[in-house]
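What follows is start.pdb (PDB, C-alpha atoms, pLDDT in the B column).
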ATOM      1  CA  MET O1073      45.318  76.234 118.199  1.00 52.00           C
ATOM      2  CA  GLY O1074      46.832  79.271 116.621  1.00 69.00           C
ATOM      3  CA  LEU O1075      49.230  80.303 113.933  1.00 82.00           C
ATOM      4  CA  ASP O1076      52.877  79.810 114.879  1.00 91.00           C
ATOM      5  CA  ILE O1077      56.130  81.111 113.459  1.00 94.00           C
ATOM      6  CA  GLN O1078      59.392  79.180 113.338  1.00 94.00           C
ATOM      7  CA  ILE O1079      62.826  80.043 112.053  1.00 96.00           C
ATOM      8  CA  GLU O1080      63.800  77.524 109.388  1.00 95.00           C
ATOM      9  CA  THR O1081      67.344  76.890 108.203  1.00 96.00           C
ATOM     10  CA  ASN O1082      69.167  75.434 105.245  1.00 95.00           C
ATOM     11  CA  ASN O1083      70.362  72.601 107.540  1.00 95.00           C
ATOM     12  CA  SER O1084      67.261  72.107 109.671  1.00 92.00           C
ATOM     13  CA  GLU O1085      67.456  68.306 109.860  1.00 91.00           C
ATOM     14  CA  GLU O1086      71.024  68.392 111.158  1.00 91.00           C
ATOM     15  CA  LEU O1087      70.278  71.260 113.535  1.00 91.00           C
ATOM     16  CA  HIS O1088      67.257  69.588 115.141  1.00 88.00           C
ATOM     17  CA  SER O1089      68.726  66.101 115.434  1.00 83.00           C
ATOM     18  CA  GLY O1090      70.505  64.538 118.365  1.00 80.00           C
ATOM     19  CA  ASP O1091      70.076  66.331 121.645  1.00 86.00           C
ATOM     20  CA  TYR O1092      68.169  69.355 120.342  1.00 89.00           C
ATOM     21  CA  HIS O1093      64.885  68.112 121.817  1.00 86.00           C
ATOM     22  CA  ASP O1094      66.433  66.874 125.085  1.00 88.00           C
ATOM     23  CA  PRO O1095      64.622  68.792 127.874  1.00 88.00           C
ATOM     24  CA  LYS O1096      67.872  69.292 129.811  1.00 90.00           C
ATOM     25  CA  ASN O1097      69.110  71.637 127.060  1.00 88.00           C
ATOM     26  CA  ASP O1098      65.851  73.626 127.083  1.00 89.00           C
ATOM     27  CA  TYR O1099      66.388  74.730 123.484  1.00 90.00           C
ATOM     28  CA  PHE O1100      62.648  74.938 122.885  1.00 86.00           C
ATOM     29  CA  HIS O1101      62.222  77.701 125.468  1.00 87.00           C
ATOM     30  CA  GLN O1102      65.504  79.381 124.541  1.00 92.00           C
ATOM     31  CA  HIS O1103      64.811  79.518 120.789  1.00 94.00           C
ATOM     32  CA  SER O1104      61.032  79.695 120.305  1.00 93.00           C
ATOM     33  CA  LEU O1105      59.236  82.763 119.063  1.00 96.00           C
ATOM     34  CA  SER O1106      55.834  83.478 120.560  1.00 95.00           C
ATOM     35  CA  ARG O1107      52.494  83.527 118.797  1.00 94.00           C
ATOM     36  CA  THR O1108      52.459  87.229 119.554  1.00 94.00           C
ATOM     37  CA  PHE O1109      55.669  87.597 117.521  1.00 96.00           C
ATOM     38  CA  CYS O1110      53.887  85.729 114.731  1.00 95.00           C
ATOM     39  CA  LYS O1111      50.988  88.190 114.886  1.00 93.00           C
ATOM     40  CA  PHE O1112      53.502  91.050 115.031  1.00 95.00           C
ATOM     41  CA  MET O1113      55.147  89.863 111.799  1.00 96.00           C
ATOM     42  CA  CYS O1114      51.738  89.485 110.114  1.00 92.00           C
ATOM     43  CA  ARG O1115      50.616  93.025 111.012  1.00 92.00           C
ATOM     44  CA  GLN O1116      51.634  94.433 107.639  1.00 88.00           C
ATOM     45  CA  ASN O1117      48.863  92.338 106.103  1.00 84.00           C
ATOM     46  CA  VAL O1118      46.079  93.241 108.543  1.00 86.00           C
ATOM     47  CA  ILE O1119      46.387  96.954 109.292  1.00 89.00           C
ATOM     48  CA  SER O1120      45.985 100.004 107.104  1.00 89.00           C
ATOM     49  CA  HIS O1121      48.706 102.088 108.748  1.00 91.00           C
ATOM     50  CA  GLU O1122      52.452 101.515 108.851  1.00 94.00           C
ATOM     51  CA  PRO O1123      53.211  98.173 110.571  1.00 95.00           C
ATOM     52  CA  GLU O1124      54.925  98.291 113.949  1.00 96.00           C
ATOM     53  CA  LEU O1125      58.123  96.662 112.621  1.00 96.00           C
ATOM     54  CA  SER O1126      58.509  99.499 110.108  1.00 96.00           C
ATOM     55  CA  GLN O1127      57.770 102.051 112.828  1.00 97.00           C
ATOM     56  CA  ILE O1128      60.442 100.462 115.031  1.00 98.00           C
ATOM     57  CA  ALA O1129      62.874 100.701 112.108  1.00 98.00           C
ATOM     58  CA  LYS O1130      62.306 104.462 112.002  1.00 97.00           C
ATOM     59  CA  ILE O1131      62.519 104.853 115.778  1.00 97.00           C
ATOM     60  CA  THR O1132      65.790 102.901 116.048  1.00 98.00           C
ATOM     61  CA  GLY O1133      67.361 103.590 112.654  1.00 98.00           C
ATOM     62  CA  VAL O1134      67.772  99.823 112.113  1.00 98.00           C
ATOM     63  CA  ASP O1135      67.248  98.443 108.598  1.00 98.00           C
ATOM     64  CA  MET O1136      64.546  95.739 108.863  1.00 97.00           C
ATOM     65  CA  SER O1137      64.868  94.435 105.308  1.00 96.00           C
ATOM     66  CA  PRO O1138      66.725  91.257 106.417  1.00 97.00           C
ATOM     67  CA  ILE O1139      63.766  90.414 108.698  1.00 97.00           C
ATOM     68  CA  TYR O1140      61.117  91.208 106.086  1.00 95.00           C
ATOM     69  CA  GLU O1141      63.056  89.195 103.479  1.00 95.00           C
ATOM     70  CA  MET O1142      62.819  86.105 105.715  1.00 96.00           C
ATOM     71  CA  GLU O1143      59.105  86.014 104.871  1.00 93.00           C
ATOM     72  CA  SER O1144      59.716  85.722 101.130  1.00 89.00           C
ATOM     73  CA  TYR O1145      61.675  82.458 101.058  1.00 89.00           C
ATOM     74  CA  THR O1146      60.010  79.335  99.651  1.00 85.00           C
ATOM     75  CA  ASP O1147      61.651  76.065 100.663  1.00 80.00           C
ATOM     76  CA  GLU O1148      61.813  72.974  98.433  1.00 72.00           C
ATOM     77  CA  GLU O1149      58.708  71.332  99.928  1.00 71.00           C
ATOM     78  CA  ASP O1150      56.553  74.430  99.467  1.00 71.00           C
ATOM     79  CA  LEU O1151      58.045  75.061  96.025  1.00 69.00           C
ATOM     80  CA  THR O1152      57.001  71.560  94.939  1.00 69.00           C
ATOM     81  CA  ILE O1153      53.457  72.199  96.154  1.00 66.00           C
ATOM     82  CA  PHE O1154      53.429  75.545  94.355  1.00 65.00           C
ATOM     83  CA  LEU O1155      54.726  74.031  91.127  1.00 65.00           C
ATOM     84  CA  ASN O1156      52.030  71.352  91.191  1.00 65.00           C
ATOM     85  CA  GLY O1157      49.332  74.038  91.240  1.00 61.00           C
ATOM     86  CA  VAL O1158      50.799  76.713  89.012  1.00 59.00           C
ATOM     87  CA  ASN O1159      52.582  76.640  85.708  1.00 60.00           C
ATOM     88  CA  SER O1160      53.547  80.287  85.756  1.00 71.00           C
ATOM     89  CA  GLU O1161      57.099  80.890  84.625  1.00 77.00           C
ATOM     90  CA  GLU O1162      56.875  84.396  86.067  1.00 78.00           C
ATOM     91  CA  GLY O1163      55.800  83.005  89.480  1.00 75.00           C
ATOM     92  CA  ILE O1164      58.634  80.484  89.501  1.00 78.00           C
ATOM     93  CA  LYS O1165      61.108  83.201  88.508  1.00 83.00           C
ATOM     94  CA  LYS O1166      59.947  85.453  91.378  1.00 82.00           C
ATOM     95  CA  ILE O1167      60.294  82.621  93.904  1.00 84.00           C
ATOM     96  CA  LYS O1168      63.798  81.775  92.724  1.00 85.00           C
ATOM     97  CA  GLU O1169      64.826  85.463  92.818  1.00 89.00           C
ATOM     98  CA  ALA O1170      63.461  85.868  96.359  1.00 87.00           C
ATOM     99  CA  ASN O1171      65.265  82.721  97.483  1.00 91.00           C
ATOM    100  CA  ALA O1172      68.538  83.839  95.906  1.00 93.00           C
ATOM    101  CA  LYS O1173      68.226  87.242  97.600  1.00 93.00           C
ATOM    102  CA  ILE O1174      68.304  85.751 101.100  1.00 95.00           C
ATOM    103  CA  SER O1175      70.736  82.923 100.431  1.00 96.00           C
ATOM    104  CA  GLY O1176      73.508  83.196 103.022  1.00 97.00           C
ATOM    105  CA  ASN O1177      71.584  85.788 105.074  1.00 98.00           C
ATOM    106  CA  ILE O1178      72.322  84.599 108.624  1.00 98.00           C
ATOM    107  CA  ASP O1179      74.969  87.251 109.325  1.00 98.00           C
ATOM    108  CA  ARG O1180      72.712  90.056 108.066  1.00 98.00           C
ATOM    109  CA  VAL O1181      69.781  88.810 110.158  1.00 98.00           C
ATOM    110  CA  LEU O1182      71.958  88.385 113.254  1.00 98.00           C
ATOM    111  CA  LYS O1183      73.346  91.917 112.825  1.00 98.00           C
ATOM    112  CA  THR O1184      69.805  93.283 112.537  1.00 98.00           C
ATOM    113  CA  ILE O1185      68.698  91.498 115.721  1.00 98.00           C
ATOM    114  CA  ASN O1186      71.833  92.634 117.595  1.00 98.00           C
ATOM    115  CA  ASP O1187      71.323  96.230 116.430  1.00 98.00           C
ATOM    116  CA  LEU O1188      67.674  96.116 117.511  1.00 98.00           C
ATOM    117  CA  LEU O1189      68.541  94.736 120.929  1.00 98.00           C
ATOM    118  CA  GLU O1190      71.180  97.405 121.445  1.00 98.00           C
ATOM    119  CA  LYS O1191      68.938 100.299 120.373  1.00 97.00           C
ATOM    120  CA  LEU O1192      65.787  99.095 122.141  1.00 98.00           C
ATOM    121  CA  ASN O1193      67.565  98.520 125.473  1.00 95.00           C
ATOM    122  CA  SER O1194      67.634 102.285 125.963  1.00 94.00           C
ATOM    123  CA  ILE O1195      63.997 102.930 124.972  1.00 95.00           C
ATOM    124  CA  HIS O1196      61.687 102.483 127.940  1.00 89.00           C
ATOM    125  CA  ASN O1197      58.403 103.587 126.392  1.00 91.00           C
ATOM    126  CA  LEU O1198      58.367 101.870 122.987  1.00 96.00           C
ATOM    127  CA  SER O1199      54.617 101.236 123.014  1.00 94.00           C
ATOM    128  CA  ASP O1200      54.021 104.979 123.564  1.00 95.00           C
ATOM    129  CA  LEU O1201      56.071 105.782 120.447  1.00 96.00           C
ATOM    130  CA  LEU O1202      54.021 103.524 118.147  1.00 95.00           C
ATOM    131  CA  LEU O1203      50.978 104.696 116.227  1.00 92.00           C
ATOM    132  CA  GLU O1204      47.653 104.111 117.926  1.00 88.00           C
ATOM    133  CA  THR O1205      45.581 101.461 116.217  1.00 88.00           C
ATOM    134  CA  ASP O1206      41.947 100.429 116.235  1.00 84.00           C
ATOM    135  CA  TYR O1207      42.978  96.868 115.404  1.00 89.00           C
ATOM    136  CA  ASP O1208      45.425  95.733 118.079  1.00 92.00           C
ATOM    137  CA  THR O1209      45.883  91.998 117.507  1.00 89.00           C
ATOM    138  CA  ILE O1210      49.066  91.785 119.593  1.00 92.00           C
ATOM    139  CA  GLY O1211      48.369  93.703 122.797  1.00 93.00           C
ATOM    140  CA  ILE O1212      50.815  96.477 121.988  1.00 94.00           C
ATOM    141  CA  ALA O1213      51.016  98.006 125.468  1.00 93.00           C
ATOM    142  CA  ASN O1214      51.883  94.659 127.064  1.00 94.00           C
ATOM    143  CA  TYR O1215      54.018  93.150 124.270  1.00 96.00           C
ATOM    144  CA  PHE O1216      56.368  96.142 124.030  1.00 96.00           C
ATOM    145  CA  ALA O1217      56.585  96.762 127.808  1.00 94.00           C
ATOM    146  CA  ASP O1218      59.546  95.866 130.019  1.00 93.00           C
ATOM    147  CA  PHE O1219      61.875  95.229 127.084  1.00 95.00           C
ATOM    148  CA  GLN O1220      64.823  94.151 129.227  1.00 94.00           C
ATOM    149  CA  ILE O1221      62.819  91.566 131.196  1.00 93.00           C
ATOM    150  CA  ASP O1222      62.029  88.106 129.810  1.00 92.00           C
ATOM    151  CA  LYS O1223      58.285  87.769 130.245  1.00 90.00           C
ATOM    152  CA  GLY O1224      56.692  84.464 129.384  1.00 84.00           C
ATOM    153  CA  GLU O1225      58.198  81.049 129.032  1.00 77.00           C
ATOM    154  CA  GLY O1226      60.016  81.195 125.725  1.00 65.00           C
ATOM    155  CA  TYR O1227      56.863  80.616 123.746  1.00 73.00           C
ATOM    156  CA  MET O1228      53.744  81.645 125.622  1.00 82.00           C
ATOM    157  CA  GLY O1229      53.383  85.168 126.915  1.00 87.00           C
ATOM    158  CA  ASN O1230      56.703  86.503 125.663  1.00 93.00           C
ATOM    159  CA  ASN O1231      57.233  90.203 125.276  1.00 95.00           C
ATOM    160  CA  PHE O1232      59.143  91.717 122.346  1.00 97.00           C
ATOM    161  CA  GLY O1233      62.462  91.764 124.202  1.00 96.00           C
ATOM    162  CA  HIS O1234      62.170  88.085 125.109  1.00 96.00           C
ATOM    163  CA  ASP O1235      61.313  87.146 121.519  1.00 97.00           C
ATOM    164  CA  LEU O1236      64.295  89.088 120.155  1.00 98.00           C
ATOM    165  CA  ARG O1237      66.658  87.469 122.676  1.00 97.00           C
ATOM    166  CA  ASN O1238      65.309  84.014 121.734  1.00 96.00           C
ATOM    167  CA  PHE O1239      65.727  84.926 118.052  1.00 98.00           C
ATOM    168  CA  LYS O1240      69.360  85.912 118.718  1.00 98.00           C
ATOM    169  CA  ARG O1241      70.076  82.727 120.737  1.00 97.00           C
ATOM    170  CA  PHE O1242      68.710  80.586 117.928  1.00 97.00           C
ATOM    171  CA  LEU O1243      70.707  82.417 115.248  1.00 98.00           C
ATOM    172  CA  GLU O1244      73.933  82.060 117.240  1.00 98.00           C
ATOM    173  CA  PHE O1245      73.197  78.369 117.900  1.00 97.00           C
ATOM    174  CA  ALA O1246      72.464  77.777 114.215  1.00 97.00           C
ATOM    175  CA  LYS O1247      75.491  79.696 112.957  1.00 98.00           C
ATOM    176  CA  GLU O1248      77.809  77.695 115.233  1.00 96.00           C
ATOM    177  CA  ARG O1249      76.432  74.570 113.557  1.00 96.00           C
ATOM    178  CA  GLY O1250      76.971  75.682 109.978  1.00 97.00           C
ATOM    179  CA  THR O1251      73.680  77.368 109.114  1.00 98.00           C
ATOM    180  CA  THR O1252      74.004  79.970 106.361  1.00 98.00           C
ATOM    181  CA  THR O1253      70.377  80.784 105.441  1.00 97.00           C
ATOM    182  CA  VAL O1254      67.337  81.408 107.673  1.00 98.00           C
ATOM    183  CA  TRP O1255      63.705  82.176 106.906  1.00 96.00           C
ATOM    184  CA  PHE O1256      60.295  82.145 108.564  1.00 96.00           C
ATOM    185  CA  ARG O1257      57.797  79.324 108.298  1.00 92.00           C
ATOM    186  CA  TYR O1258      54.239  79.861 109.426  1.00 89.00           C
ATOM    187  CA  GLY O1259      52.024  76.990 110.434  1.00 85.00           C
TER     188      GLY O1259
END
Would you give me this structure, written as structure tokens?
Amino acid sequence: MGLDIQIETNNSEELHSGDYHDPKNDYFHQHSLSRTFCKFMCRQNVISHEPELSQIAKITGVDMSPIYEMESYTDEEDLTIFLNGVNSEEGIKKIKEANAKISGNIDRVLKTINDLLEKLNSIHNLSDLLLETDYDTIGIANYFADFQIDKGEGYMGNNFGHDLRNFKRFLEFAKERGTTTVWFRYG
């Protein structure tokens, strides 16, 4: 077992009902983000230097704030759990402000992913441009290699390019079905 990352939506029940889980549609492999992507997103909390996502922002000139903001959303279920354990008005206020900030964010997130895909398609040595680290929890050389090739099977063994293309496919799928807000859930 390991820590996973999923993209949650404001209409998750509707989105994942019906034929979403039908193997013939293969949505799982087309939309899943790898555990390596999960580790990649968590890097800001485990390394002392600038996280790779922030480095990639500088390399490409793409604003990553819509992606980082996806980590700050607290859905109703988690909010209820939080409220049962804490009576902090300040904490509740911060959660509500963070949630309001990303409300309706799907277009901003999709633009960020599209911009990243466009910029990174022309960079063939991304791993060489990133800071060296003594604590490589993602396998930087392998994860950022062969950006234009889908490595892995949509969940296991993906490279960064594959994860971003899956991210884009999911966002487009969700937007077509009325999704307006997306965020990350770890579990």
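Nearest residue to Asp1076 (chain O), choosing from O:Met1228, O:Ala1246, O:Ala1217, O:Ile1195 and counting only C-alpha atoms: O:Met1228.
Closest approach to Asp1147 (chain O) among O:Arg1180, O:Arg1241, O:His1093, O:Lys1168 is made by O:Lys1168 (distances from only C-alpha atoms).
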Expressed in Å, the length from CA of Arg1237 (chain O) to CA of His1121 (chain O) is 27.0 Å
Restricting the calculation to only C-alpha atoms: of O:Asp1218, O:Glu1124, O:Glu1244, O:Glu1085, which residue gets closest to Asn1197 (chain O)? O:Asp1218
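The interatomic distance for the pair CA of Phe1242 (chain O) and CA of Ser1104 (chain O) works out to 8.1 Å.
Distance annotation: of O:Ile1131, O:Ile1210, O:Leu1201, O:Val1254, the residue with the minimal separation from Gly1229 (chain O) is O:Ile1210; atom set is all atoms listed in the file.
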List the neighbours of region 1198-1200 of chain O out to 7 Å using all atoms listed in the file; skip same-chain residues closer than 5 positions along the sequence, and give me the result as a short mmCIF file (atom, residue, chain, number, x, y, z; two decimals) with C-alpha atoms, in the coordinates of the input.
data_model
loop_
_atom_site.label_atom_id
_atom_site.label_comp_id
_atom_site.auth_asym_id
_atom_site.auth_seq_id
_atom_site.Cartn_x
_atom_site.Cartn_y
_atom_site.Cartn_z
CA ILE O 1212 50.82 96.48 121.99
CA ALA O 1213 51.02 98.01 125.47
CA PHE O 1216 56.37 96.14 124.03
CA ALA O 1217 56.58 96.76 127.81
#
